[in-house]
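Here is the structure we will look at.
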Amino acid sequence: MISPADIATIPFDDWINAFVRGWLVPNFRPLFQAAQVPVTLVLNNLNAFLLFVPMILTTVVFALAAWRWAGRGIAIFTLIGFSFIDMIGLWPETMTTLAMVATSVLFCAMIGLPLGILAARSDMFWKITRPILDIMQTIPSFVYLVPIVMLFGVGMTPGIIATIIFAIPPMVRLTNLGIRSVRVDLTEAARAFGSTEWQMLWDLQIPLALRTILAGLNQTLMLALSMVVIAALIGAGGLGLTVNTGLGRLDVGGATAGGVGIVILAIVLDRITQGLGEGGTVRTVSLRQVLTRMLRGKGAAPIN
Amino acid sequence: MTNKITVTNLYKIFGNSPEAAFDLLVRGDGKEAILEATGATVAVQDASFEVAEGEIFVVMGLSGSGKSTLVRLLNGLIPPTSGQIMIDGQDVAQAKGDMLRQIRRNTITMVFQHFALFPHWSVVDNVAYGLKIKGVAPAERREKALAVLDQVGLVAWADSLPGDLSGGMQQRVGLARGLASDPQVLLMDEPFGALDPLIRREMQDELLELQKKLKKTIVFITHDLNEALLLGDKIAIMKDGRFVQVGTAQDIVSNPADDYVRAFVADIDRGRVFTAGDVSNVPVTVQLHTDTAEDALRRMEESQLDALYVLDGDSVSGVVTHRDVSAALRQNGPGNSKLSASMITNFSAVNEGTYLHELFGPASAGLPIAVTDVGNRLLGVVETQAVLAQLDSESTQPPTPHQPATGVPDTDSRVSHTKEVVK
């Protein structure tokens, strides 16, 4: 049987090697090294801070946040879960993982939000961005771990960079979606009253897209957590390292302990950010509104 | 009165090659032919009109007639393909960027069909939106917004969210938002189209009330001819992107330009378009103190009328019927009958602007209806037959009040004929 490979073969892998090793790394390594400085700065400070704060205080803060935005059940779960992590001796690793996740999400938001806004405003830009986001989401993360190591070296920061690449697409996508789904007649009204593009963005588009944007943030957070173990392969610490070490030593207990830590952290963070998204923009009737409505109902019949 | 809006030869063609379509259009091709040849849609073609200051100009058309495009051309939300739009001395068709924004902030505002209120802002913030965009300080804009909300009767709801309000109230907020920045021109794109019929009536009346005070120049878009006839000082009927007819309500109902307009007009309530002034006749009268019963009878026979109005000097005192006067003469003998004895004093009087649908009650008494001015002077007389004739939708002749049949030299009557068609 004849196949296209009999006619010609393409040395695709060699081309990529030549591109990355021969051109990208020698020419741009200093640039990439410089680019990771802010990431390192944020990560180290956050990590140091979280390790410095006593476990009890952190747990209480998280439990209160859970109570405020996600309800009493999650608050109790937070107390028990965090205590459990502490008792199995993984509190410092958990805090490192939290610092890594928070740093990734922060940078994802800082990069993803403007990109999403841009994508919503320009169909051309969205046409270009969309396939790139598709690639970022579908390409196995192991594929870009090696070039990342070549460009950034090993350690925590390259792990964060890999996490950002993996976790940023939902942020861009949902910001774009949120802004695009603001009702056309509202943006038309804003234009008809002579608002500038910036005024429209701040007064109308971002507030109305906020719920969708926060859903994107939640997705980004979950993806970042799921990258924790993989990032540990290139030298990032935290719970991922615990899992990897357990894996290497066939230490089922150690790996499971690390895994349970990640799951508990994931549930707490997910519920809090979800609650944040819903509570932020969903209109709930407050006691004050109910009272004023009742008083008005008695005083003057609503004019229809 | 000066013209606030002057639109000259305005065209809007949507599609990739508007120039090619424009050439075809000028050559005289139809809308469908152009769509087939170039893929371009002609939305507005050759619209020219003027709107005087303080006037309500209604553009009426069915969906797809280009009326919504037309109103968006006026504030530059859609740029025109060609033509000139002068609003308050500024050419909107040429304005771009910052200049266009300034025009929208200071000169033209808009009220939308589906209200387009910002759901995350309170009512008062919504009303103050135009002021916020202009950069007015928060305290001042709240004060102004509350003043406008007071005009539309919604001050009590200032701090509610729009979602808590009914449709009619929401559109009042929309109207207040349009009025808050005190614009010269208010564009209203089917503002009452999304409201149920009862509320719509209420809002129409309220708009007319407000307009009496505010005297804004309004361009009002609607698909409802009754609404157009009620509100419009001038009405344009639009079809396939062009104006079929422009005129007053009476013009359009009494002289439809073509079958399209005629078909529309057939269904409308003529009783709400024409007034007593449109159908009244020159009165034939007798004087209470100087004329006798015989005079009255003779005059009625000469004019072939069944009843006459009796004047005391200039003012109306009553009405006498042929039957009553002749019965009185028979009973009392010639020369003994005083006019006042057979006079009916509880006659119906209306003013010139009274719509025909309000005349049904008075007309049912069977007596002619007096049209009087504020000083009780008799301006004309409406015969019941004239009301019915005008309501007949088959008759599309202009409302010309018929002259008294015999043209009696009405020497005794000092009432001059002052009737004019009410605009």
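By order in the structure tokens, chains are A, B, ...; within a chain, residues start at 1; ligands start at 1, following the order shown.
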Mind checking which residues fall within 8 Å of Gly240 of chain A, counting only C-alpha atoms, ignoring those fewer than 3 positions away in the same chain, and posting them as a ChimeraX atom specification?
/A:97,228-232,236-237,243-244,258
With 8 Å as the cut-off and only C-alpha atoms counted, what is the closest atom pair between each nearby residue of chain A and chain B? Distances in Å to one decimal, ordered by chain and number, as CSV.
residue,atom,partner,partner_atom,distance
A:Asp185,CA,B:Ala116,CA,5.7
A:Leu186,CA,B:Ala116,CA,5.0
A:Glu188,CA,B:Leu77,CA,7.7
A:Ala189,CA,B:Ala116,CA,6.4
A:Arg191,CA,B:Leu77,CA,7.4
A:Ala192,CA,B:Arg104,CA,6.1
A:Phe193,CA,B:Arg104,CA,5.4
A:Gly194,CA,B:Arg101,CA,4.4
A:Ser195,CA,B:Ile133,CA,5.7
A:Thr196,CA,B:Arg101,CA,7.7
A:Gln199,CA,B:Ile133,CA,7.5
A:Leu204,CA,B:Phe118,CA,7.4
A:Pro207,CA,B:His120,CA,7.6
A:Leu208,CA,B:His120,CA,7.4
A:Ile303,CA,B:Met169,CA,6.9
A:Asn304,CA,B:Gly168,CA,5.4
I need the alpha helix (DSSP H) residues of segment 158-400 of chain B per DSSP on the backbone, written as number ranges by chain.
B: 167-180, 197-214, 225-231, 249-254, 259-266, 276-279, 293-303, 322-332, 360-363, 384-391
Write out as a list in words each polymer residue whose atoms come within 6 Å of Val58 of chain B, counting only C-alpha atoms; drop sequence neighbours fewer than 3 positions from it.
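Non-adjacent residues within range: Val219, Phe220, Ile221, Ala228, Gly232 and Ile235 of chain B.
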Excluding Gly73 of chain A and its own-chain neighbours fewer than 5 positions away, which residues fall within 12 Å of it when counting only C-alpha atoms? Please give them as a ChimeraX atom specification.
/A:63-64,66-68,78-81,267-268,271-272
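Atom pair atom CA of Ser48 of chain B / atom CA of Asn226 of chain B has a distance of 23.4 Å (rounded to one decimal).
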Can you pull out every residue within 6 Å of segment 33-45 of chain A, counting only C-alpha atoms, but drop anything in the same chain fewer than 5 positions away, and send it as an MDAnalysis selection string?
chainID A and resid 103 152 157
Between atom CA of Glu358 of chain B and atom CA of Gly271 of chain B, what is the distance, to one decimal in Å?
7.8 Å
Atom CA of Thr6 of chain B and atom CA of Ala52 of chain B, how far apart in Å?
8.7 Å
Can you tell me, as a ChimeraX atom specification, what residues are no more than 9 Å from Leu359 of chain B when counting only C-alpha atoms, ignoring any on the same chain fewer than 4 positions away?
/B:271,276,350,354-355,363-364,369,384,387
Expected file: the selected residues, N, CA, C and O atoms, as a short mmCIF file (atom, residue, chain, number, x, y, z; two decimals), in the first residue's frame:
data_model
loop_
_atom_site.label_atom_id
_atom_site.label_comp_id
_atom_site.auth_asym_id
_atom_site.auth_seq_id
_atom_site.Cartn_x
_atom_site.Cartn_y
_atom_site.Cartn_z
N GLY B 271 -63.51 59.41 14.64
CA GLY B 271 -64.06 60.25 15.71
C GLY B 271 -62.99 60.87 16.58
O GLY B 271 -63.24 61.83 17.29
N ALA B 276 -65.27 69.04 16.14
CA ALA B 276 -66.53 69.72 15.88
C ALA B 276 -66.32 70.84 14.87
O ALA B 276 -67.16 71.08 14.00
N VAL B 350 -70.42 72.75 22.57
CA VAL B 350 -69.06 72.20 22.62
C VAL B 350 -68.13 73.26 22.05
O VAL B 350 -68.59 74.25 21.49
N THR B 354 -63.33 70.03 20.16
CA THR B 354 -63.91 68.79 20.67
C THR B 354 -63.93 67.73 19.58
O THR B 354 -64.36 67.98 18.46
N TYR B 355 -63.42 66.54 19.92
CA TYR B 355 -63.39 65.47 18.93
C TYR B 355 -64.79 64.89 18.72
O TYR B 355 -65.61 64.90 19.62
N ALA B 363 -75.28 64.62 20.49
CA ALA B 363 -76.02 64.43 19.24
C ALA B 363 -77.28 63.61 19.45
O ALA B 363 -78.25 63.74 18.72
N SER B 364 -77.26 62.74 20.47
CA SER B 364 -78.40 61.85 20.65
C SER B 364 -79.67 62.60 21.06
O SER B 364 -80.76 62.06 20.97
N ILE B 369 -75.92 70.76 17.49
CA ILE B 369 -75.04 71.09 18.61
C ILE B 369 -74.38 72.43 18.35
O ILE B 369 -73.89 72.68 17.24
N THR B 384 -76.42 66.64 13.39
CA THR B 384 -76.08 65.24 13.69
C THR B 384 -75.69 64.46 12.44
O THR B 384 -74.79 63.63 12.48
N VAL B 387 -72.01 64.75 11.62
CA VAL B 387 -71.12 63.93 12.43
C VAL B 387 -71.04 62.53 11.83
O VAL B 387 -69.95 61.98 11.61
#
Strand (DSSP E) positions in segment 173-395 of chain B, given as an MDAnalysis selection string
chainID B and resid 185:189 217:222 234:239 242:247 285:287 307:312 315:321 349:350 369:372 378:382
